[in-house]
>>> print(open('input.pdb').read())   # PDB, C-alpha atoms
ATOM      1  CA  MET A1404       0.000   0.000   0.000
ATOM      2  CA  SER A1405       1.254   3.482  -0.820
ATOM      3  CA  ASP A1406       1.566   6.128   1.837
ATOM      4  CA  LEU A1407       0.162   9.597   1.321
ATOM      5  CA  VAL A1408       2.479  12.246   2.751
ATOM      6  CA  ARG A1409       1.356  15.855   2.926
ATOM      7  CA  VAL A1410       4.288  18.192   2.457
ATOM      8  CA  ARG A1411       3.639  21.524   4.170
ATOM      9  CA  LYS A1412       6.403  23.745   2.744
ATOM     10  CA  TRP A1413       7.504  24.365  -0.825
ATOM     11  CA  THR A1414      11.153  24.134   0.206
ATOM     12  CA  GLU A1415      10.553  20.623   1.563
ATOM     13  CA  PHE A1416       8.743  19.514  -1.610
ATOM     14  CA  LYS A1417      11.563  20.939  -3.689
ATOM     15  CA  ARG A1418      14.116  19.031  -1.588
ATOM     16  CA  LEU A1419      12.162  15.792  -2.107
ATOM     17  CA  VAL A1420      12.088  16.282  -5.882
ATOM     18  CA  MET A1421      15.851  16.892  -5.949
ATOM     19  CA  GLU A1422      16.505  13.873  -3.722
ATOM     20  CA  LEU A1423      14.076  11.380  -5.324
ATOM     21  CA  LYS A1424      14.685  12.491  -8.940
ATOM     22  CA  PRO A1425      11.256  11.598 -10.366
ATOM     23  CA  ASP A1426      10.591  11.328 -14.099
ATOM     24  CA  SER A1427       7.470  13.456 -13.744
ATOM     25  CA  ILE A1428       5.305  15.624 -11.517
ATOM     26  CA  VAL A1429       1.530  15.886 -11.649
ATOM     27  CA  TYR A1430      -0.313  19.075 -10.765
ATOM     28  CA  SER A1431      -3.916  20.070 -10.426
ATOM     29  CA  ILE A1432      -5.457  23.506 -10.316
ATOM     30  CA  ASP A1433      -8.416  23.241  -7.986
ATOM     31  CA  GLN A1434     -11.273  25.711  -8.133
ATOM     32  CA  ASN A1435     -13.826  25.649  -5.319
ATOM     33  CA  ALA A1436     -16.849  27.147  -7.026
ATOM     34  CA  MET A1437     -19.121  26.344  -4.083
ATOM     35  CA  SER A1438     -17.533  28.796  -1.665
ATOM     36  CA  LYS A1439     -18.819  32.349  -1.598
ATOM     37  CA  THR A1440     -16.454  33.474   1.153
ATOM     38  CA  LYS A1441     -13.170  31.618   0.598
ATOM     39  CA  GLU A1442     -10.573  31.911  -2.135
ATOM     40  CA  LEU A1443     -11.437  29.765  -5.129
ATOM     41  CA  THR A1444      -7.975  28.756  -6.297
ATOM     42  CA  ALA A1445      -5.593  26.123  -4.932
ATOM     43  CA  LEU A1446      -2.593  24.453  -6.560
ATOM     44  CA  ARG A1447      -1.672  20.831  -5.847
ATOM     45  CA  PHE A1448       1.610  19.131  -6.796
ATOM     46  CA  ILE A1449       1.803  15.334  -6.629
ATOM     47  CA  LEU A1450       5.071  13.395  -6.593
ATOM     48  CA  LEU A1451       4.923   9.602  -6.831
ATOM     49  CA  ALA A1452       8.150   8.061  -5.541
ATOM     50  CA  ARG A1453       9.393   5.151  -3.435
ATOM     51  CA  GLY A1454       5.986   3.648  -2.777
ATOM     52  CA  GLY A1455       4.399   6.884  -1.632
ATOM     53  CA  TYR A1456       2.579   9.942  -2.815
ATOM     54  CA  TYR A1457       3.968  13.284  -1.714
ATOM     55  CA  VAL A1458       1.413  16.073  -2.032
ATOM     56  CA  TYR A1459       2.058  19.787  -1.681
ATOM     57  CA  LEU A1460      -0.733  22.395  -1.660
ATOM     58  CA  ASP A1461      -0.246  26.101  -2.316
ATOM     59  CA  PHE A1462      -2.849  28.816  -1.818
ATOM     60  CA  PRO A1463      -3.087  32.497  -2.699
ATOM     61  CA  ARG A1464      -1.393  35.065  -0.503
ATOM     62  CA  GLY A1465      -4.398  37.026   0.767
ATOM     63  CA  LYS A1466      -5.894  39.102  -1.997
ATOM     64  CA  GLU A1467      -2.554  39.470  -3.778
ATOM     65  CA  ASN A1468      -2.297  37.998  -7.255
ATOM     66  CA  VAL A1469       0.362  35.380  -6.439
ATOM     67  CA  MET A1470       0.451  31.990  -4.779
ATOM     68  CA  ARG A1471       1.784  32.040  -1.211
ATOM     69  CA  GLU A1472       4.968  29.934  -1.537
ATOM     70  CA  THR A1473       5.577  29.289  -5.224
ATOM     71  CA  GLY A1474       4.890  32.878  -6.277
ATOM     72  CA  ILE A1475       3.010  31.744  -9.391
ATOM     73  CA  GLN A1476       0.889  34.572 -10.737
ATOM     74  CA  ILE A1477      -2.879  34.422 -10.368
ATOM     75  CA  ARG A1478      -4.673  35.734 -13.412
ATOM     76  CA  GLU A1479      -8.172  37.073 -13.755
ATOM     77  CA  ALA A1480     -10.504  35.396 -16.233
ATOM     78  CA  LYS A1481     -12.847  37.411 -18.444
ATOM     79  CA  ASN A1482     -15.676  36.739 -15.984
ATOM     80  CA  GLY A1483     -13.606  38.242 -13.144
ATOM     81  CA  VAL A1484     -12.755  34.941 -11.420
ATOM     82  CA  ARG A1485      -9.152  34.591 -10.240
ATOM     83  CA  CYS A1486      -7.428  31.521 -11.665
ATOM     84  CA  LEU A1487      -4.113  29.890 -12.518
ATOM     85  CA  GLU A1488      -3.028  29.142 -16.065
ATOM     86  CA  ASP A1489      -1.583  25.726 -16.972
ATOM     87  CA  GLU A1490       1.235  27.367 -18.922
ATOM     88  CA  ASP A1491       2.359  29.370 -15.874
ATOM     89  CA  VAL A1492       2.435  26.253 -13.670
ATOM     90  CA  ILE A1493       4.371  24.197 -16.241
ATOM     91  CA  ARG A1494       6.855  27.035 -16.845
ATOM     92  CA  PHE A1495       7.424  27.328 -13.083
ATOM     93  CA  ILE A1496       8.083  23.585 -12.636
ATOM     94  CA  LYS A1497      10.457  23.474 -15.609
ATOM     95  CA  ARG A1498      12.338  26.499 -14.272
ATOM     96  CA  GLU A1499      12.640  24.964 -10.792
ATOM     97  CA  PHE A1500      13.560  21.409 -11.801
ATOM     98  CA  GLY A1501      14.755  21.474 -15.398
ATOM     99  CA  GLU A1502      13.286  21.091 -18.843
ATOM    100  CA  LYS A1503      13.631  17.282 -18.868
ATOM    101  CA  LEU A1504      11.142  16.742 -16.041
ATOM    102  CA  GLN A1505       7.760  15.775 -17.463
ATOM    103  CA  VAL A1506       4.835  17.768 -16.104
ATOM    104  CA  PHE A1507       1.273  16.499 -16.342
ATOM    105  CA  SER A1508      -2.058  17.976 -15.423
ATOM    106  CA  PHE A1509      -4.047  15.674 -13.134
ATOM    107  CA  TRP A1510      -7.017  16.172 -15.442
ATOM    108  CA  THR A1511      -5.155  14.848 -18.500
ATOM    109  CA  THR A1512      -3.348  11.860 -16.955
TER     110      THR A1512
END
>>> encode(input="input.pdb", output="structure tokens")
Amino acid sequence: MSDLVRVRKWTEFKRLVMELKPDSIVYSIDQNAMSKTKELTALRFILLARGGYYVYLDFPRGKENVMRETGIQIREAKNGVRCLEDEDVIRFIKREFGEKLQVFSFWTT
């Protein structure tokens, strides 16, 4: 059985990626459309390695237009909803870990 490990800090997730040297990382951009009071956007990175899943979640920094730890820019859609763009997430991962690392959206895997 695989263990699910929640990683609380970006620096720790980054260390795990460097140490475990995965072939790929999966991400999902989660939008909570049901909430009228909370931020809609969350970013999840999933690393499968050594019989476990390592999951890191990042959230917006208050009402600023960046994610709290990764600093990825939050954009505003035409309808005014704040959101992340796949291209920005992929560019960030490639910049952090190198162009050879494969990056997949959870919704397309």
>>> closest_residue(input="input.pdb", among="A:Phe1500, A:Ala1445, A:Phe1509, A:Leu1451", to="A:Glu1472", atoms="all atoms listed in the file")
A:Ala1445
>>> resolve_selection(input="input.pdb", expression="the PyMOL selection byres ((chain A and resi 1431) around 10)", output="list in words")
Val1429, Tyr1430, Ile1432, Asp1433, Gln1434, Ala1445, Leu1446, Arg1447, Phe1448, Ile1449, Leu1460, Asp1489, Val1492, Phe1507, Ser1508, Phe1509, Trp1510 and Thr1511 of chain A
>>> closest_residue(input="input.pdb", among="A:Glu1502, A:Tyr1457, A:Met1470, A:Val1484", to="A:Arg1418", atoms="only C-alpha atoms")
A:Tyr1457
>>> residues_around(input="input.pdb", residues="A:Glu1499", least_positions_apart="5", cutoff="12 Å", atoms="all atoms listed in the file", output="PyMOL selection string")
chain A and resi 1413-1414+1416-1418+1420-1421+1428+1473-1475+1492-1494+1504+1506
>>> resolve_selection(input="input.pdb", expression="the PyMOL selection byres ((chain A and resi 1452) around 10)", output="VMD selection string")
chain A and resid 1405 1419 to 1420 1423 to 1427 1449 to 1451 1453 to 1457
>>> atom_distance(input="input.pdb", atom1="atom CA of A:Leu1487", atom2="atom CA of A:Gln1505")
19.1 Å
>>> atom_distance(input="input.pdb", atom1="atom CA of A:Leu1407", atom2="atom CA of A:Arg1464")
25.6 Å
>>> atom_distance(input="input.pdb", atom1="atom CA of A:Asp1406", atom2="atom CA of A:Val1458")
10.7 Å
